[in-house]
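Peer 1: Structure supplied as start_24.txt; contents: compact mmCIF, C-alpha atoms.
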# COMPACT_ATOMS: atom_id res chain seq x y z
CA MET A 21 58.47 55.39 108.44
CA ALA A 22 55.07 56.80 107.55
CA LEU A 23 56.45 60.25 108.23
CA THR A 24 59.34 59.64 105.84
CA ILE A 25 56.94 58.52 103.11
CA ILE A 26 54.69 61.56 103.53
CA LYS A 27 57.70 63.89 103.62
CA ASN A 28 59.05 62.44 100.38
CA ILE A 29 55.69 62.63 98.61
CA ILE A 30 55.21 66.28 99.62
CA ARG A 31 58.77 67.10 98.58
CA ILE A 32 58.38 65.47 95.17
CA ALA A 33 55.03 67.20 94.53
CA PHE A 34 56.43 70.57 95.59
CA LEU A 35 59.50 70.18 93.38
CA ILE A 36 57.42 69.26 90.32
CA LEU A 37 55.24 72.34 90.84
CA LEU A 38 58.36 74.46 91.33
CA GLN A 39 59.78 73.07 88.10
CA ILE A 40 56.73 73.68 85.92
CA LEU A 41 55.53 76.94 87.44
CA VAL A 42 58.80 78.74 88.10
CA VAL A 43 61.97 77.14 86.79
CA ASN A 44 60.64 76.29 83.31
CA ARG A 45 59.87 79.96 82.82
CA MET A 46 63.45 81.05 83.38
CA GLN A 47 65.16 82.22 80.22
CA ALA A 48 68.86 82.28 80.95
CA PHE A 49 71.19 82.89 77.98
CA ASP A 50 68.58 82.16 75.28
CA GLY A 51 67.58 78.80 76.74
CA LEU A 52 71.15 77.59 77.13
CA VAL A 53 70.77 77.07 80.88
CA LEU A 54 67.72 74.98 81.74
CA PRO A 55 67.87 73.59 85.28
CA MET A 56 65.78 70.53 86.13
CA VAL A 57 65.26 70.77 89.87
CA TYR A 58 62.50 68.16 90.01
CA ILE A 59 65.08 65.36 90.08
CA PHE A 60 66.05 66.56 93.57
CA GLY A 61 63.04 64.62 94.87
CA VAL A 62 64.48 61.39 93.51
CA LEU A 63 68.02 62.17 94.69
CA MET A 64 66.73 62.75 98.23
CA LEU A 65 65.18 59.29 98.62
CA PRO A 66 66.61 57.50 101.70
CA PHE A 67 69.49 55.05 101.19
CA GLU A 68 67.40 52.09 102.32
CA THR A 69 64.72 52.59 99.64
CA PRO A 70 64.39 49.33 97.65
CA ARG A 71 65.72 49.58 94.10
CA TRP A 72 62.44 48.65 92.47
CA LEU A 73 60.70 51.42 94.41
CA VAL A 74 63.28 53.98 93.25
CA LEU A 75 62.55 52.90 89.67
CA VAL A 76 58.79 53.18 90.12
CA ILE A 77 59.10 56.60 91.75
CA GLY A 78 61.40 57.74 88.95
CA PHE A 79 58.89 56.53 86.40
CA VAL A 80 55.96 58.32 88.06
CA VAL A 81 57.88 61.59 88.53
CA GLY A 82 58.95 61.55 84.89
CA TRP A 83 55.44 60.74 83.76
CA VAL A 84 53.93 63.68 85.65
CA MET A 85 56.58 65.99 84.18
CA ASP A 86 55.69 64.72 80.71
CA LEU A 87 52.05 65.57 81.29
CA PHE A 88 53.06 69.18 81.78
CA SER A 89 55.76 69.67 79.23
CA GLY A 90 57.56 68.18 76.32
CA PRO A 91 56.77 65.19 74.17
CA PRO A 92 55.39 62.19 76.11
CA GLY A 93 58.02 59.76 77.37
CA LEU A 94 60.93 62.19 77.34
CA HIS A 95 61.19 63.01 81.05
CA THR A 96 60.00 59.49 81.90
CA SER A 97 62.91 57.97 80.03
CA ALA A 98 65.53 60.29 81.51
CA THR A 99 64.25 60.05 85.08
CA LEU A 100 64.10 56.25 84.82
CA PHE A 101 67.73 56.24 83.75
CA LEU A 102 68.56 58.41 86.75
CA ALA A 103 66.57 56.13 89.09
CA PHE A 104 68.41 53.10 87.75
CA LEU A 105 71.84 54.66 88.23
CA GLN A 106 71.18 56.19 91.66
CA PRO A 107 71.64 53.05 93.83
CA VAL A 108 74.71 52.09 91.76
CA ILE A 109 76.35 55.46 92.42
CA GLN A 110 75.37 55.25 96.09
CA LYS A 111 77.05 51.86 96.31
CA ILE A 112 80.24 53.02 94.60
CA PHE A 113 80.63 56.00 96.92
CA SER A 114 79.49 54.32 100.14
CA PRO A 115 81.67 54.47 103.25
CA ARG A 116 83.56 51.28 104.06
CA GLU A 117 81.06 50.21 106.72
CA GLY A 118 78.04 51.08 104.59
CA TYR A 119 75.54 53.79 105.32
CA GLU A 120 74.19 54.26 108.82
CA VAL A 121 70.46 54.33 109.43
CA THR A 122 70.54 57.98 110.40
CA GLN A 123 72.40 59.07 107.29
CA ARG A 124 70.59 60.79 104.42
CA PRO A 125 71.91 61.76 100.98
CA THR A 126 72.25 65.43 101.92
CA VAL A 127 75.12 67.88 102.20
CA GLN A 128 74.69 68.11 105.98
CA SER A 129 74.71 64.36 106.52
CA MET A 130 77.37 63.26 104.01
CA GLY A 131 79.48 66.37 103.51
CA LEU A 132 79.80 68.67 100.51
CA PRO A 133 82.45 66.72 98.50
CA TRP A 134 80.45 63.50 98.73
CA TYR A 135 77.24 65.26 97.78
CA LEU A 136 78.70 67.10 94.80
CA THR A 137 80.15 63.86 93.43
CA TYR A 138 76.95 61.91 94.00
CA ALA A 139 74.51 64.54 92.73
CA GLY A 140 76.91 65.77 90.04
CA ILE A 141 77.27 62.39 88.33
CA LEU A 142 73.55 61.63 88.50
CA THR A 143 72.44 65.09 87.38
CA PHE A 144 74.84 65.01 84.46
CA ALA A 145 73.61 61.52 83.45
CA HIS A 146 69.99 62.66 83.63
CA HIS A 147 70.55 65.88 81.67
CA PHE A 148 72.69 64.13 79.07
CA TRP A 149 69.96 61.54 78.45
CA LEU A 150 67.19 64.14 78.48
CA PHE A 151 68.69 66.70 76.14
CA PHE A 152 70.03 64.22 73.61
CA MET A 153 66.76 62.29 73.57
CA GLU A 154 64.93 65.56 72.95
CA VAL A 155 67.03 66.56 69.94
CA PHE A 156 67.98 63.03 68.89
CA ARG A 157 70.83 64.04 66.68
CA PHE A 158 74.50 64.64 67.26
CA SER A 159 74.95 67.44 64.76
CA ASP A 160 75.27 70.34 67.22
CA PHE A 161 77.34 68.20 69.55
CA PHE A 162 79.37 70.97 71.17
CA TYR A 163 76.43 73.28 71.65
CA GLN A 164 74.47 70.40 73.16
CA MET A 165 77.34 69.52 75.52
CA LEU A 166 77.58 73.15 76.59
CA HIS A 167 73.81 73.14 77.12
CA ILE A 168 74.03 69.98 79.23
CA ILE A 169 77.00 71.07 81.32
CA ALA A 170 75.62 74.56 81.95
CA SER A 171 72.24 73.12 82.97
CA THR A 172 73.89 70.49 85.19
CA VAL A 173 75.85 73.19 87.02
CA ALA A 174 72.71 75.28 87.46
CA THR A 175 70.71 72.32 88.79
CA LEU A 176 73.50 71.35 91.20
CA LEU A 177 73.80 74.92 92.40
CA LEU A 178 70.07 75.24 93.05
CA MET A 179 69.89 71.88 94.85
CA THR A 180 72.89 72.62 97.05
CA ILE A 181 71.80 76.15 97.92
CA GLY A 182 68.31 74.80 98.62
CA GLN A 183 69.71 72.39 101.18
CA TYR A 184 71.66 75.11 102.97
CA LEU A 185 68.51 77.21 103.11
CA ILE A 186 66.12 74.50 104.31
CA TYR A 187 68.11 72.09 106.43
CA THR A 188 70.25 72.90 109.43
CA SER A 189 72.93 70.40 110.36
CA LYS A 190 71.00 69.21 113.42
CA ASN A 191 67.74 68.60 111.60
CA SER A 192 68.94 66.69 108.61
CA ASN A 193 66.23 64.39 107.35
CA MET B 16 63.05 26.53 85.38
CA ARG B 17 64.60 27.09 88.75
CA ASN B 18 67.60 28.60 87.04
CA LEU B 19 65.36 30.98 85.17
CA ILE B 20 63.60 32.08 88.37
CA GLY B 21 66.97 32.51 90.03
CA LEU B 22 68.13 34.61 87.12
CA ILE B 23 65.02 36.80 87.28
CA GLN B 24 65.46 37.23 91.02
CA ARG B 25 69.04 38.35 90.55
CA PHE B 26 68.37 40.75 87.72
CA TYR B 27 64.82 41.83 88.48
CA VAL B 28 65.81 45.47 89.00
CA PHE B 29 67.52 45.60 85.64
CA LEU B 30 64.60 43.82 84.00
CA LEU B 31 62.13 46.25 85.56
CA PHE B 32 64.28 49.15 84.35
CA LEU B 33 64.43 47.63 80.88
CA VAL B 34 60.67 47.11 80.65
CA LEU B 35 59.80 50.60 81.88
CA GLN B 36 62.49 52.19 79.70
CA ILE B 37 61.34 50.38 76.58
CA PHE B 38 57.80 51.53 77.33
CA ALA B 39 58.94 55.15 77.77
CA LEU B 40 60.99 55.12 74.57
CA TYR B 41 58.16 53.45 72.69
CA VAL B 42 55.82 56.24 73.74
CA LEU B 43 58.45 58.86 72.91
CA PHE B 44 59.27 57.66 69.41
CA ASN B 45 55.79 56.55 68.48
CA SER B 46 54.11 59.82 69.25
CA ASN B 47 53.65 61.10 65.74
CA ASN B 48 55.43 64.44 65.55
CA TYR B 49 52.50 66.41 64.28
CA HIS B 50 50.05 65.11 66.84
CA LYS B 51 52.54 64.82 69.62
CA ALA B 52 50.27 66.68 71.98
CA GLU B 53 47.39 64.29 71.33
CA PHE B 54 48.73 61.85 73.86
CA VAL B 55 48.32 64.18 76.78
CA GLN B 56 44.90 65.36 75.72
CA HIS B 57 43.04 63.71 78.59
CA SER B 58 45.17 65.33 81.19
CA LYS B 59 45.32 68.78 79.64
CA ASP B 60 42.19 69.90 81.45
CA TRP B 61 43.79 69.56 84.85
CA THR B 62 47.28 70.55 83.83
CA GLY B 63 45.60 73.45 82.07
CA SER B 64 43.89 74.62 85.22
CA ILE B 65 47.21 74.69 87.06
CA TYR B 66 48.70 76.79 84.28
CA SER B 67 45.60 79.04 84.35
CA PHE B 68 46.26 79.81 87.97
CA ARG B 69 49.80 80.91 87.23
CA THR B 70 48.72 82.96 84.23
CA GLN B 71 46.14 84.79 86.30
CA LEU B 72 48.82 85.72 88.81
CA LYS B 73 51.24 86.79 86.11
CA GLU B 74 48.64 88.79 84.25
CA TYR B 75 47.98 90.91 87.27
CA TRP B 76 51.49 92.30 87.02
CA ILE B 77 51.38 93.14 83.33
CA LEU B 78 47.93 94.75 83.24
CA ASP B 79 49.49 98.07 82.29
CA GLU B 80 51.07 96.72 79.19
CA ILE B 81 47.93 94.83 78.16
CA ASN B 82 45.83 97.97 78.60
CA ASP B 83 48.22 99.96 76.46
CA ARG B 84 48.08 97.43 73.70
CA LEU B 85 44.29 97.10 73.85
CA SER B 86 43.73 100.83 73.71
CA LEU B 87 46.12 101.09 70.79
CA GLU B 88 44.25 98.34 68.99
CA ASN B 89 40.95 100.05 69.79
CA ALA B 90 42.26 103.24 68.28
CA ILE B 91 43.33 101.47 65.13
CA LEU B 92 40.01 99.64 64.79
CA ARG B 93 38.01 102.76 65.54
CA SER B 94 39.77 104.61 62.78
CA GLN B 95 38.61 101.92 60.40
CA LEU B 96 34.92 102.33 61.25
CA PRO B 97 32.81 103.35 58.27
CA GLU B 98 31.90 106.60 60.04
CA ASN B 99 35.52 107.63 59.95
CA VAL B 100 36.08 106.81 56.33
CA LEU B 101 34.94 109.03 53.55
CA THR B 102 33.02 106.70 51.26
CA ILE B 103 31.55 107.98 48.05
CA ASP B 104 30.31 104.66 46.71
CA THR B 105 27.95 103.65 49.51
CA VAL B 106 26.52 100.75 47.55
CA THR B 107 29.58 98.60 48.11
CA ARG B 108 28.92 98.61 51.83
CA PHE B 109 25.59 96.92 51.47
CA LEU B 110 26.48 94.13 49.13
CA PRO B 111 24.39 91.05 49.93
CA ASP B 112 26.04 88.13 51.66
CA SER B 113 25.42 85.73 48.82
CA VAL B 114 27.83 87.73 46.70
CA ASN B 115 30.48 88.36 49.33
CA PRO B 116 30.21 85.44 51.72
CA GLN B 117 32.29 85.46 54.85
CA ARG B 118 35.41 83.35 54.52
CA TYR B 119 37.07 83.39 57.96
CA MET B 120 35.70 83.61 61.48
CA TYR B 121 37.82 84.52 64.50
CA LYS B 122 37.55 83.35 68.06
CA ASN B 123 39.30 85.12 70.87
CA ALA B 124 41.42 82.99 73.18
CA HIS B 125 43.82 83.53 76.01
CA VAL B 126 47.30 82.00 76.20
CA GLU B 127 47.79 79.79 79.26
CA ASN B 128 51.30 78.53 78.71
CA VAL B 129 54.11 79.01 76.22
CA THR B 130 57.39 77.19 75.94
CA ILE B 131 60.16 78.71 73.85
CA ASN B 132 63.34 76.99 74.96
CA ARG B 133 62.73 73.48 73.59
CA GLU B 134 63.13 71.95 70.18
CA SER B 135 59.40 71.21 69.99
CA ASN B 136 57.69 74.09 71.68
CA TYR B 137 53.96 74.48 72.19
CA VAL B 138 51.39 77.11 73.15
CA MET B 139 48.37 76.25 75.27
CA ILE B 140 45.20 78.34 74.94
CA ASP B 141 42.05 78.39 77.05
CA LYS B 142 39.48 77.56 74.36
CA GLY B 143 38.71 73.95 73.52
CA SER B 144 36.18 71.82 71.73
CA SER B 145 33.35 73.28 73.84
CA SER B 146 34.08 76.64 72.20
CA GLY B 147 34.24 75.13 68.73
CA VAL B 148 38.00 74.96 68.38
CA GLU B 149 39.09 72.10 66.16
CA ARG B 150 42.38 70.61 65.11
CA GLU B 151 44.21 72.22 62.20
CA MET B 152 42.76 75.65 62.78
CA GLY B 153 45.21 78.50 62.41
CA VAL B 154 46.02 80.79 65.32
CA ILE B 155 47.01 84.43 64.89
CA ALA B 156 47.80 87.34 67.20
CA ASN B 157 48.09 91.05 66.50
CA GLY B 158 47.84 90.43 62.77
CA SER B 159 50.63 87.87 62.50
CA ILE B 160 50.63 84.10 62.68
CA VAL B 161 51.20 82.16 65.88
CA GLY B 162 50.72 78.52 64.89
CA VAL B 163 48.22 75.78 64.22
CA VAL B 164 45.99 73.85 66.66
CA THR B 165 47.27 70.28 67.04
CA SER B 166 45.10 68.89 69.82
CA VAL B 167 41.95 69.87 71.62
CA SER B 168 40.39 68.97 74.96
CA ASN B 169 37.11 70.29 76.34
CA HIS B 170 38.41 73.63 77.56
CA PHE B 171 41.98 73.87 76.31
CA SER B 172 43.87 73.46 73.07
CA VAL B 173 47.50 72.93 72.25
CA VAL B 174 48.95 74.99 69.41
CA MET B 175 52.09 74.12 67.51
CA PRO B 176 53.88 77.47 67.14
CA ILE B 177 56.40 78.50 64.50
CA LEU B 178 59.00 77.62 67.16
CA ASN B 179 58.67 73.89 66.55
CA ASN B 180 60.80 71.57 64.45
CA ASN B 181 57.71 70.21 62.76
CA PHE B 182 56.13 73.53 61.90
CA VAL B 183 55.91 74.54 58.28
CA ALA B 184 53.74 77.14 56.56
CA SER B 185 53.48 78.59 53.09
CA VAL B 186 54.55 82.25 52.87
CA ARG B 187 55.37 84.70 50.12
CA MET B 188 57.55 87.74 49.66
CA LYS B 189 55.29 90.76 49.76
CA ASP B 190 57.00 92.55 46.89
CA SER B 191 57.90 89.80 44.45
CA ARG B 192 54.90 87.52 45.26
CA ASP B 193 57.16 84.43 45.23
CA PHE B 194 56.35 81.48 47.48
CA GLY B 195 58.60 80.04 50.16
CA LEU B 196 58.29 77.76 53.18
CA LEU B 197 58.47 79.09 56.70
CA ALA B 198 60.26 76.82 59.19
CA TRP B 199 62.26 76.99 62.40
CA GLN B 200 65.74 75.63 63.07
CA GLY B 201 65.80 75.84 66.84
CA GLY B 202 67.63 78.31 69.03
CA ASP B 203 66.60 81.96 68.86
CA PRO B 204 62.82 82.35 69.41
CA ASP B 205 62.82 85.62 67.43
CA LYS B 206 64.17 84.14 64.20
CA ALA B 207 62.90 81.67 61.64
CA ILE B 208 64.01 80.63 58.17
CA ILE B 209 62.50 80.69 54.68
CA LYS B 210 63.19 77.62 52.56
CA ASP B 211 62.66 76.74 48.91
CA LEU B 212 62.85 80.26 47.57
CA PRO B 213 64.80 80.01 44.28
CA LYS B 214 67.87 82.17 43.77
CA HIS B 215 66.58 84.06 40.78
CA VAL B 216 64.11 85.83 43.09
CA LYS B 217 65.61 89.09 44.28
CA VAL B 218 65.50 89.33 48.06
CA SER B 219 67.13 91.95 50.20
CA VAL B 220 67.43 92.52 53.92
CA GLY B 221 64.37 94.34 55.23
CA ASP B 222 61.88 92.79 52.80
CA THR B 223 58.48 91.90 54.22
CA VAL B 224 57.23 88.31 54.36
CA VAL B 225 53.46 87.65 54.47
CA THR B 226 51.25 84.55 54.50
CA SER B 227 50.32 83.13 51.13
CA GLY B 228 46.65 82.45 51.89
CA SER B 229 46.88 78.72 51.28
CA GLY B 230 46.84 76.51 54.34
CA TYR B 231 45.37 77.40 57.72
CA TYR B 232 45.75 81.17 57.67
CA PRO B 233 44.21 84.02 55.72
CA GLY B 234 46.52 85.66 53.21
CA GLU B 235 48.58 88.83 53.63
CA LEU B 236 49.22 88.40 57.36
CA PHE B 237 52.51 89.92 58.43
CA VAL B 238 54.98 87.13 59.22
CA GLY B 239 58.26 88.96 59.61
CA ILE B 240 61.03 90.83 57.84
CA VAL B 241 64.20 89.48 56.25
CA ASP B 242 66.95 89.76 58.83
CA SER B 243 69.95 88.25 57.11
CA MET B 244 70.90 86.09 54.15
CA ASP B 245 73.48 83.35 53.96
CA ASP B 246 73.48 82.16 50.34
CA ARG B 247 75.85 79.42 49.21
CA PRO B 248 77.08 79.36 45.59
CA GLU B 249 76.50 75.60 45.29
CA GLU B 250 72.82 75.79 46.22
CA ASN B 251 69.88 76.83 44.09
CA PHE B 252 67.83 78.29 46.91
CA HIS B 253 68.24 81.28 49.17
CA ARG B 254 69.10 80.81 52.81
CA ILE B 255 66.99 83.48 54.44
CA VAL B 256 66.67 84.24 58.13
CA ILE B 257 63.69 86.36 59.09
CA ARG B 258 62.83 88.21 62.27
CA LEU B 259 59.39 87.04 63.38
CA ALA B 260 56.60 89.54 63.96
CA THR B 261 55.21 87.41 66.80
CA ASP B 262 56.94 87.79 70.13
CA TYR B 263 56.24 84.51 71.88
CA ARG B 264 57.60 85.81 75.16
CA LYS B 265 54.81 88.35 75.37
CA LEU B 266 51.97 86.34 73.86
CA ASP B 267 48.73 86.84 75.79
CA TYR B 268 45.63 87.11 73.60
CA VAL B 269 45.30 85.22 70.32
CA GLN B 270 42.58 84.60 67.73
CA VAL B 271 41.71 81.16 66.43
CA VAL B 272 40.89 81.24 62.71
CA LYS B 273 38.02 79.15 61.40
CA ASP B 274 38.04 78.69 57.65
CA LEU B 275 34.34 78.44 56.77
CA PHE B 276 35.14 76.90 53.39
CA LYS B 277 37.54 74.31 54.72
CA GLU B 278 35.17 71.38 54.23
CA GLU B 279 34.32 72.49 50.74
CA LYS B 280 38.01 72.74 49.88
CA GLU B 281 38.78 69.35 51.38
CA ALA B 282 35.87 67.71 49.60
CA LEU B 283 37.16 69.09 46.33
CA ILE B 284 40.66 67.77 46.94
CA GLN B 285 39.22 64.44 48.03
CA ALA B 286 37.17 64.19 44.85
CA GLU B 287 40.22 65.10 42.79
CA GLU B 288 42.31 62.38 44.46
CA ASN B 289 39.60 59.77 44.05
CA GLY B 290 39.33 60.68 40.40
CA ALA B 291 43.07 60.26 39.98
CA ASP B 292 42.87 56.81 41.57
CA ASN B 293 40.19 55.67 39.15
CA ASN B 294 42.16 56.62 36.07
Rewrite the structure of this file - the entire thing - as structure tokens.

Peer 2:
Amino acid sequence: MALTIIKNIIRIAFLILLQILVVNRMQAFDGLVLPMVYIFGVLMLPFETPRWLVLVIGFVVGWVMDLFSGPPGLHTSATLFLAFLQPVIQKIFSPREGYEVTQRPTVQSMGLPWYLTYAGILTFAHHFWLFFMEVFRFSDFFYQMLHIIASTVATLLLMTIGQYLIYTSKNSN
Amino acid sequence: MRNLIGLIQRFYVFLLFLVLQIFALYVLFNSNNYHKAEFVQHSKDWTGSIYSFRTQLKEYWILDEINDRLSLENAILRSQLPENVLTIDTVTRFLPDSVNPQRYMYKNAHVENVTINRESNYVMIDKGSSSGVEREMGVIANGSIVGVVTSVSNHFSVVMPILNNNFVASVRMKDSRDFGLLAWQGGDPDKAIIKDLPKHVKVSVGDTVVTSGSGYYPGELFVGIVDSMDDRPEENFHRIVIRLATDYRKLDYVQVVKDLFKEEKEALIQAEENGADNN
């Protein structure tokens, strides 16, 4: 239990640093592709995490991101939205008998199709909220949608590749 | 009462979400655009030191390029030394200060972090209030404008660059001397637009745009050159896109401009406004 908490804290801190020090500096296609890998820390929270705790963690992660970049409240708002949706999506896509204690929301534990659906929906929701809140107008709708979809794909790709690199199927927590 | 408690127990997650979300959105939409960075002022010292660490690492790899640019600048400055200029009228060089008082002072600063892919970008520099940097000071680099200081902590400042939806500065066409407004429309970090330049002014691609001298920057600073024009017959103003002289991707050293007469100017405007109120 304590180990899980420490692991999650370290993971979240590492991902925020990765986001602000490395990923935010990437300039792919004139800023069209802007992956947000820091949400991986929220997506990796264990299934049994209480919903209020997911919300609080989402709030704190977003707040720290706001301290480093962007107008205040922007990442907080988007990450909160993600944290609110996450348990809902987990419930919709749960196996018939519910999740087992040993299962984690990873590719190795749940399989690639499940993971892509789960992370894909949540990442898209987060990016949609984030990028539209940032611009707050619907004038360049198609460019914005392209921006969101391209960034979602990039984030998903990075998160999935990251899991294959870090976790082996035997050691999947 | 019991019903109410039951209701709260059932929906407490949603209520918590709602409360936190309303708070986040309140902060987001109440942060005045111009002083958006103010909010994070207290934390900028520690976020700044993390960015400093990265910049130090990065700088190590581009030392070559920095050296080249510095030696070039040295060469240009050296050629302007009085020893290298043939002056016949030596008296002009020794004019007393009371006749030619200094107008602007420059402070060197180092760029810690730049964003260019947002709608509201910012530049963070490593000089703050302890070095005398204040809000609303202009920032320039290599003889062209970078932006204006919007918030200051002890050791760092946040600069609103041209690449920001809220940025606006007064500029003029170098040849025709006509005023326009410099702004940014998002997207390409190399391009900006000139607004409010009436159609009767002749502008062609390749024309030079310089600062007007009003506002936060000294006059005649190189801003950019006209890149393309997209005039519409139904409008009275040009639609001009310029290529910016400042390359935000390669920004490293900047100068903060202190207008020594700023207080005098503001006092005059204040007096003028008060006078208008009395009438």

Peer 1: If we count all atoms listed in the file, which residues of chain A reach to within 10 Å of chain B? Please list them as an NGL selection string.

Peer 2: :A and (37 or 40-42 or 44-48 or 50-54 or 70-76 or 79 or 82-84 or 86-101 or 103-104 or 151 or 153-155)

Peer 1: Could you name the residues that touch stretch 60-68 of chain A at 8 Å or less, counting only C-alpha atoms, but leaving out those on the same chain fewer than 3 positions away, as a PyMOL selection string?

Peer 2: chain A and resi 28+31-32+35+57+74+77-78+103+106-107+110+119+123-126+139+179

Peer 1: Please, what distance in Å, to one decimal, runs between atom CA of A:Ile29 and atom CA of A:Leu132?

Peer 2: 24.9 Å

Peer 1: To one decimal in Å, tell me the separation between atom CA of A:Ala170 and atom CA of A:His146.

Peer 2: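 It comes out at 13.3 Å.
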
Peer 1: Taking 5 positions as the minimum chain separation for residues in the same chain, which residues sit within 8 Å of stretch 241-250 of chain B when counting all atoms listed in the file? Answer as a ChimeraX atom specification.

Peer 2: /B:219-224,255-258

Peer 1: Just to confirm, what's the straight-line distance from atom CA of A:Ile109 to atom CA of A:Ile59 in Å (one decimal)?

Peer 2: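 Between atom CA of A:Ile109 and atom CA of A:Ile59 the gap is 15.2 Å.
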
Peer 1: Residues near B:Pro233, anyone? I mean within 12 Å using all atoms listed in the file, not counting same-chain ones fewer than 5 positions away, as number ranges by chain.

Peer 2: B: 118-121, 152-155, 158-160, 184-186, 225-228, 238, 271-277

Peer 1: From the set A:Val108, A:Leu38, A:Leu150, A:Ile141, which residue has the shortest atom-to-atom contact distance to A:His167, counting all atoms listed in the file?

Peer 2: A:Leu150
